[in-house]
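One structure is given here, and the rest of the page talks about it.
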Amino acid sequence: MIDEKSNSCPEFENLNEQREESIPEFKGSKRQIDSLVRIYQNAILGNAEAQYRLGRTYYTGKFIEQSYYKAAQFYAKAAGQRHKKAAYEMAMLVESDYPHDQMLMTRYLILGLEDRKQELTEDTLWIKGNEYFELEKYDLSSAYLKRLLEKYL
């Protein structure tokens, strides 16, 4: 799903590097297009919610040409700011496109749970997920953490 001219994973791109980009060509009514342009502008300025919403727009292909690659770029930016839904969506993209990289998927799941870390110290799913992560059993770790993050979405 995630593709572009490079074969690299979006995780390893410099997410802070801002290129001068023109506003993408959105489809829809004038009101929808105006709303999407505002979302795009806020996403470029670093707003995590806008980055998540723009990622969803690219992922679904509604109102814009579908691009899993661009969806992953915006999900990764939002996930880097601890946006739970973006972290979950990015983990699911990693799972589908890089099934061998369970460690990366697990890292995104952990990012999505970062703000609840203090209250999760006694949660069995959190404990097991971290134990398996430390043992480098990322497939088991991600299974526990995925279920835990789904509770909070």
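The way I read the labels, and the way they are meant: chains A, B, ... in the order of the structure tokens, residue 1 as the first residue of every chain, and ligand 1 as the first ligand shown, with later ones counted on from there.
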
Tell me, which residues of segment 52-113 of chain A carry DSSP alpha helix (DSSP H), written as a ChimeraX atom specification? /A:52-60,68-79,84-97,102-113

Excluding same-chain residues fewer than 6 positions from segment 42-50 of chain A, what lies within 7 Å of it counting only C-alpha atoms, as a PyMOL selection string? chain A and resi 78+81+83

Extract, using only C-alpha atoms, all DNA, RNA and protein residues at most 9 Å from Leu93 of chain A, discarding same-chain residues fewer than 3 positions from it, and format them as a list in words.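 So the residues in contact are Met1, Ile2, Tyr68, Ala72, Tyr88, Glu89, Met90, Ser96, Asp97, Tyr98 and Met105 of chain A.
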
Atoms to include: N, CA and C atoms. Write the selected residues as a compact mmCIF listing (two decimals), in the first residue's frame.
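File out.txt, as written:
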```txt
# COMPACT_ATOMS: atom_id res chain seq x y z
N MET A 1 0.79 -1.19 0.00
CA MET A 1 0.00 0.00 0.00
C MET A 1 0.84 1.26 0.00
N ILE A 2 1.82 1.37 0.89
CA ILE A 2 2.63 2.58 0.95
C ILE A 2 3.63 2.48 -0.18
N TYR A 68 -1.71 6.08 -0.20
CA TYR A 68 -1.34 5.47 1.08
C TYR A 68 -0.01 6.04 1.57
N ALA A 72 0.41 7.81 5.12
CA ALA A 72 1.41 7.38 6.10
C ALA A 72 2.27 8.55 6.56
N TYR A 88 -2.41 4.56 15.95
CA TYR A 88 -3.07 3.29 15.66
C TYR A 88 -3.14 3.06 14.15
N GLU A 89 -3.56 4.07 13.40
CA GLU A 89 -3.66 3.93 11.94
C GLU A 89 -2.28 3.65 11.33
N MET A 90 -1.26 4.31 11.84
CA MET A 90 0.09 4.09 11.32
C MET A 90 0.55 2.68 11.65
N SER A 96 0.20 -3.96 7.66
CA SER A 96 -0.18 -4.46 6.34
C SER A 96 0.95 -4.37 5.32
N ASP A 97 1.79 -3.34 5.42
CA ASP A 97 2.84 -3.15 4.42
C ASP A 97 4.20 -3.71 4.81
N TYR A 98 4.46 -3.76 6.08
CA TYR A 98 5.75 -4.26 6.57
C TYR A 98 5.50 -5.31 7.65
N MET A 105 5.74 -1.51 14.26
CA MET A 105 4.32 -1.47 14.57
C MET A 105 4.11 -1.27 16.08
```

Please compute the atom CA of Lys85 of chain A-atom CA of Trp126 of chain A distance, one decimal, in Å. 17.6 Å

Give me, as number ranges by chain, all polymer residues having an atom no more than 12 Å from Ala91 of chain A, counting only C-alpha atoms and skipping those fewer than 5 positions away in the same chain. A: 10-11, 72, 75-76, 79, 84-86, 96-99, 101-112, 142-143, 145-146, 149-150

Restrict the selected residues to N, CA and C atoms and save them as an mmCIF file, in the first residue's frame.
```cif
data_model
loop_
_atom_site.group_PDB
_atom_site.id
_atom_site.type_symbol
_atom_site.label_atom_id
_atom_site.label_comp_id
_atom_site.auth_asym_id
_atom_site.auth_seq_id
_atom_site.Cartn_x
_atom_site.Cartn_y
_atom_site.Cartn_z
ATOM 1 N N PRO A 10 8.243 5.295 5.586
ATOM 2 C CA PRO A 10 8.064 6.687 6.011
ATOM 3 C C PRO A 10 8.623 6.974 7.399
ATOM 4 N N GLU A 11 8.720 5.956 8.260
ATOM 5 C CA GLU A 11 9.265 6.110 9.607
ATOM 6 C C GLU A 11 10.671 6.712 9.561
ATOM 7 N N ALA A 72 0.407 7.812 5.120
ATOM 8 C CA ALA A 72 1.408 7.380 6.096
ATOM 9 C C ALA A 72 2.269 8.545 6.560
ATOM 10 N N TYR A 75 0.027 10.507 9.000
ATOM 11 C CA TYR A 75 -0.199 9.711 10.209
ATOM 12 C C TYR A 75 1.063 9.708 11.072
ATOM 13 N N ALA A 76 2.219 9.519 10.438
ATOM 14 C CA ALA A 76 3.476 9.454 11.189
ATOM 15 C C ALA A 76 3.764 10.780 11.899
ATOM 16 N N ALA A 79 1.303 10.936 14.792
ATOM 17 C CA ALA A 79 1.680 9.928 15.795
ATOM 18 C C ALA A 79 2.895 10.394 16.591
ATOM 19 N N LYS A 84 -3.362 9.498 19.406
ATOM 20 C CA LYS A 84 -3.714 8.077 19.547
ATOM 21 C C LYS A 84 -4.221 7.447 18.256
ATOM 22 N N LYS A 85 -5.185 8.074 17.632
ATOM 23 C CA LYS A 85 -5.777 7.489 16.425
ATOM 24 C C LYS A 85 -4.764 7.418 15.287
ATOM 25 N N ALA A 86 -3.945 8.435 15.157
ATOM 26 C CA ALA A 86 -2.920 8.430 14.110
ATOM 27 C C ALA A 86 -1.891 7.333 14.371
ATOM 28 N N SER A 96 0.205 -3.965 7.656
ATOM 29 C CA SER A 96 -0.178 -4.458 6.337
ATOM 30 C C SER A 96 0.951 -4.367 5.315
ATOM 31 N N ASP A 97 1.790 -3.341 5.422
ATOM 32 C CA ASP A 97 2.841 -3.148 4.419
ATOM 33 C C ASP A 97 4.199 -3.709 4.814
ATOM 34 N N TYR A 98 4.464 -3.760 6.083
ATOM 35 C CA TYR A 98 5.748 -4.264 6.566
ATOM 36 C C TYR A 98 5.502 -5.312 7.651
ATOM 37 N N PRO A 99 4.841 -6.416 7.309
ATOM 38 C CA PRO A 99 4.475 -7.390 8.350
ATOM 39 C C PRO A 99 5.686 -7.960 9.095
ATOM 40 N N ASP A 101 8.084 -6.197 10.136
ATOM 41 C CA ASP A 101 8.584 -5.194 11.064
ATOM 42 C C ASP A 101 7.607 -4.971 12.219
ATOM 43 N N GLN A 102 7.430 -5.997 13.011
ATOM 44 C CA GLN A 102 6.540 -5.915 14.158
ATOM 45 C C GLN A 102 7.064 -4.930 15.199
ATOM 46 N N MET A 103 8.382 -4.735 15.250
ATOM 47 C CA MET A 103 8.935 -3.797 16.210
ATOM 48 C C MET A 103 8.451 -2.378 15.893
ATOM 49 N N LEU A 104 8.467 -1.992 14.620
ATOM 50 C CA LEU A 104 8.002 -0.664 14.239
ATOM 51 C C LEU A 104 6.517 -0.504 14.554
ATOM 52 N N MET A 105 5.744 -1.514 14.264
ATOM 53 C CA MET A 105 4.315 -1.467 14.573
ATOM 54 C C MET A 105 4.113 -1.274 16.077
ATOM 55 N N THR A 106 4.851 -2.017 16.859
ATOM 56 C CA THR A 106 4.744 -1.925 18.318
ATOM 57 C C THR A 106 5.125 -0.534 18.808
ATOM 58 N N ARG A 107 6.143 0.062 18.196
ATOM 59 C CA ARG A 107 6.547 1.417 18.591
ATOM 60 C C ARG A 107 5.421 2.419 18.367
ATOM 61 N N TYR A 108 4.686 2.284 17.263
ATOM 62 C CA TYR A 108 3.562 3.193 17.026
ATOM 63 C C TYR A 108 2.439 2.951 18.036
ATOM 64 N N LEU A 109 2.208 1.703 18.391
ATOM 65 C CA LEU A 109 1.184 1.414 19.396
ATOM 66 C C LEU A 109 1.558 2.024 20.740
ATOM 67 N N ILE A 110 2.819 1.925 21.103
ATOM 68 C CA ILE A 110 3.286 2.522 22.358
ATOM 69 C C ILE A 110 3.126 4.037 22.314
ATOM 70 N N LEU A 111 3.440 4.652 21.172
ATOM 71 C CA LEU A 111 3.239 6.099 21.034
ATOM 72 C C LEU A 111 1.790 6.486 21.299
ATOM 73 N N GLY A 112 0.864 5.677 20.815
ATOM 74 C CA GLY A 112 -0.549 5.965 21.003
ATOM 75 C C GLY A 112 -1.003 5.851 22.445
ATOM 76 N N SER A 142 2.839 -6.556 20.133
ATOM 77 C CA SER A 142 1.901 -5.735 19.369
ATOM 78 C C SER A 142 0.469 -6.234 19.517
ATOM 79 N N ALA A 143 0.280 -7.537 19.671
ATOM 80 C CA ALA A 143 -1.078 -8.074 19.852
ATOM 81 C C ALA A 143 -1.702 -7.537 21.143
ATOM 82 N N LEU A 145 -0.705 -4.777 22.890
ATOM 83 C CA LEU A 145 -0.810 -3.322 22.858
ATOM 84 C C LEU A 145 -1.897 -2.849 21.894
ATOM 85 N N LYS A 146 -2.112 -3.572 20.825
ATOM 86 C CA LYS A 146 -3.173 -3.226 19.880
ATOM 87 C C LYS A 146 -4.536 -3.306 20.569
ATOM 88 N N LEU A 149 -4.818 -0.314 23.041
ATOM 89 C CA LEU A 149 -5.057 0.971 22.389
ATOM 90 C C LEU A 149 -6.481 1.046 21.827
ATOM 91 N N GLU A 150 -6.991 -0.043 21.338
ATOM 92 C CA GLU A 150 -8.367 -0.063 20.799
ATOM 93 C C GLU A 150 -9.381 0.310 21.875
#
```

Given the choices A:Gln51, A:Thr57, A:Ser22, A:Ser29, which gets closest to Lys77 of chain A if the distance is worked out from only C-alpha atoms? A:Gln51

Within 10 Å of Thr124 of chain A using only C-alpha atoms, minus same-chain residues under 4 positions, as number ranges by chain: A: 120, 128-130, 144, 148

Restricting it to C-alpha atoms, dump the selection as a PDB file, in the first residue's frame.
```
ATOM      1  CA  LEU A 120      -1.553   1.695  32.765  1.00  0.00           C
ATOM      2  CA  LYS A 128       2.394  -8.204  28.921  1.00  0.00           C
ATOM      3  CA  GLY A 129       2.936  -5.940  25.902  1.00  0.00           C
ATOM      4  CA  ASN A 130       6.010  -4.403  27.516  1.00  0.00           C
ATOM      5  CA  TYR A 144      -1.456  -7.010  23.502  1.00  0.00           C
ATOM      6  CA  LEU A 148      -5.179  -2.007  24.743  1.00  0.00           C
TER       7      LEU A 148
END
```

Quick one: of A:Pro24, A:Tyr59, A:Ile39, A:Ile64, who's nearest to Met92 of chain A, counting only C-alpha atoms?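 Of the candidates, the smallest distance to Met92 of chain A is held by A:Tyr59.
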
Please report the interatomic distance between atom CA of Glu114 of chain A and atom CA of Leu36 of chain A in Å with one decimal.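 We find that atom CA of Glu114 of chain A and atom CA of Leu36 of chain A lie 28.7 Å from each other.
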
Nearest-residue call for His100 of chain A, choices A:Asp139, A:Asp123, A:Asp34, A:Glu25, using only C-alpha atoms: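 The shortest atom-to-atom distance to His100 of chain A comes from A:Asp139.
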
Measure the distance from atom CA of Lys117 of chain A to atom CA of Leu54 of chain A in Å and round it to one decimal.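 Atom-to-atom, atom CA of Lys117 of chain A to atom CA of Leu54 of chain A, that is 27.0 Å.
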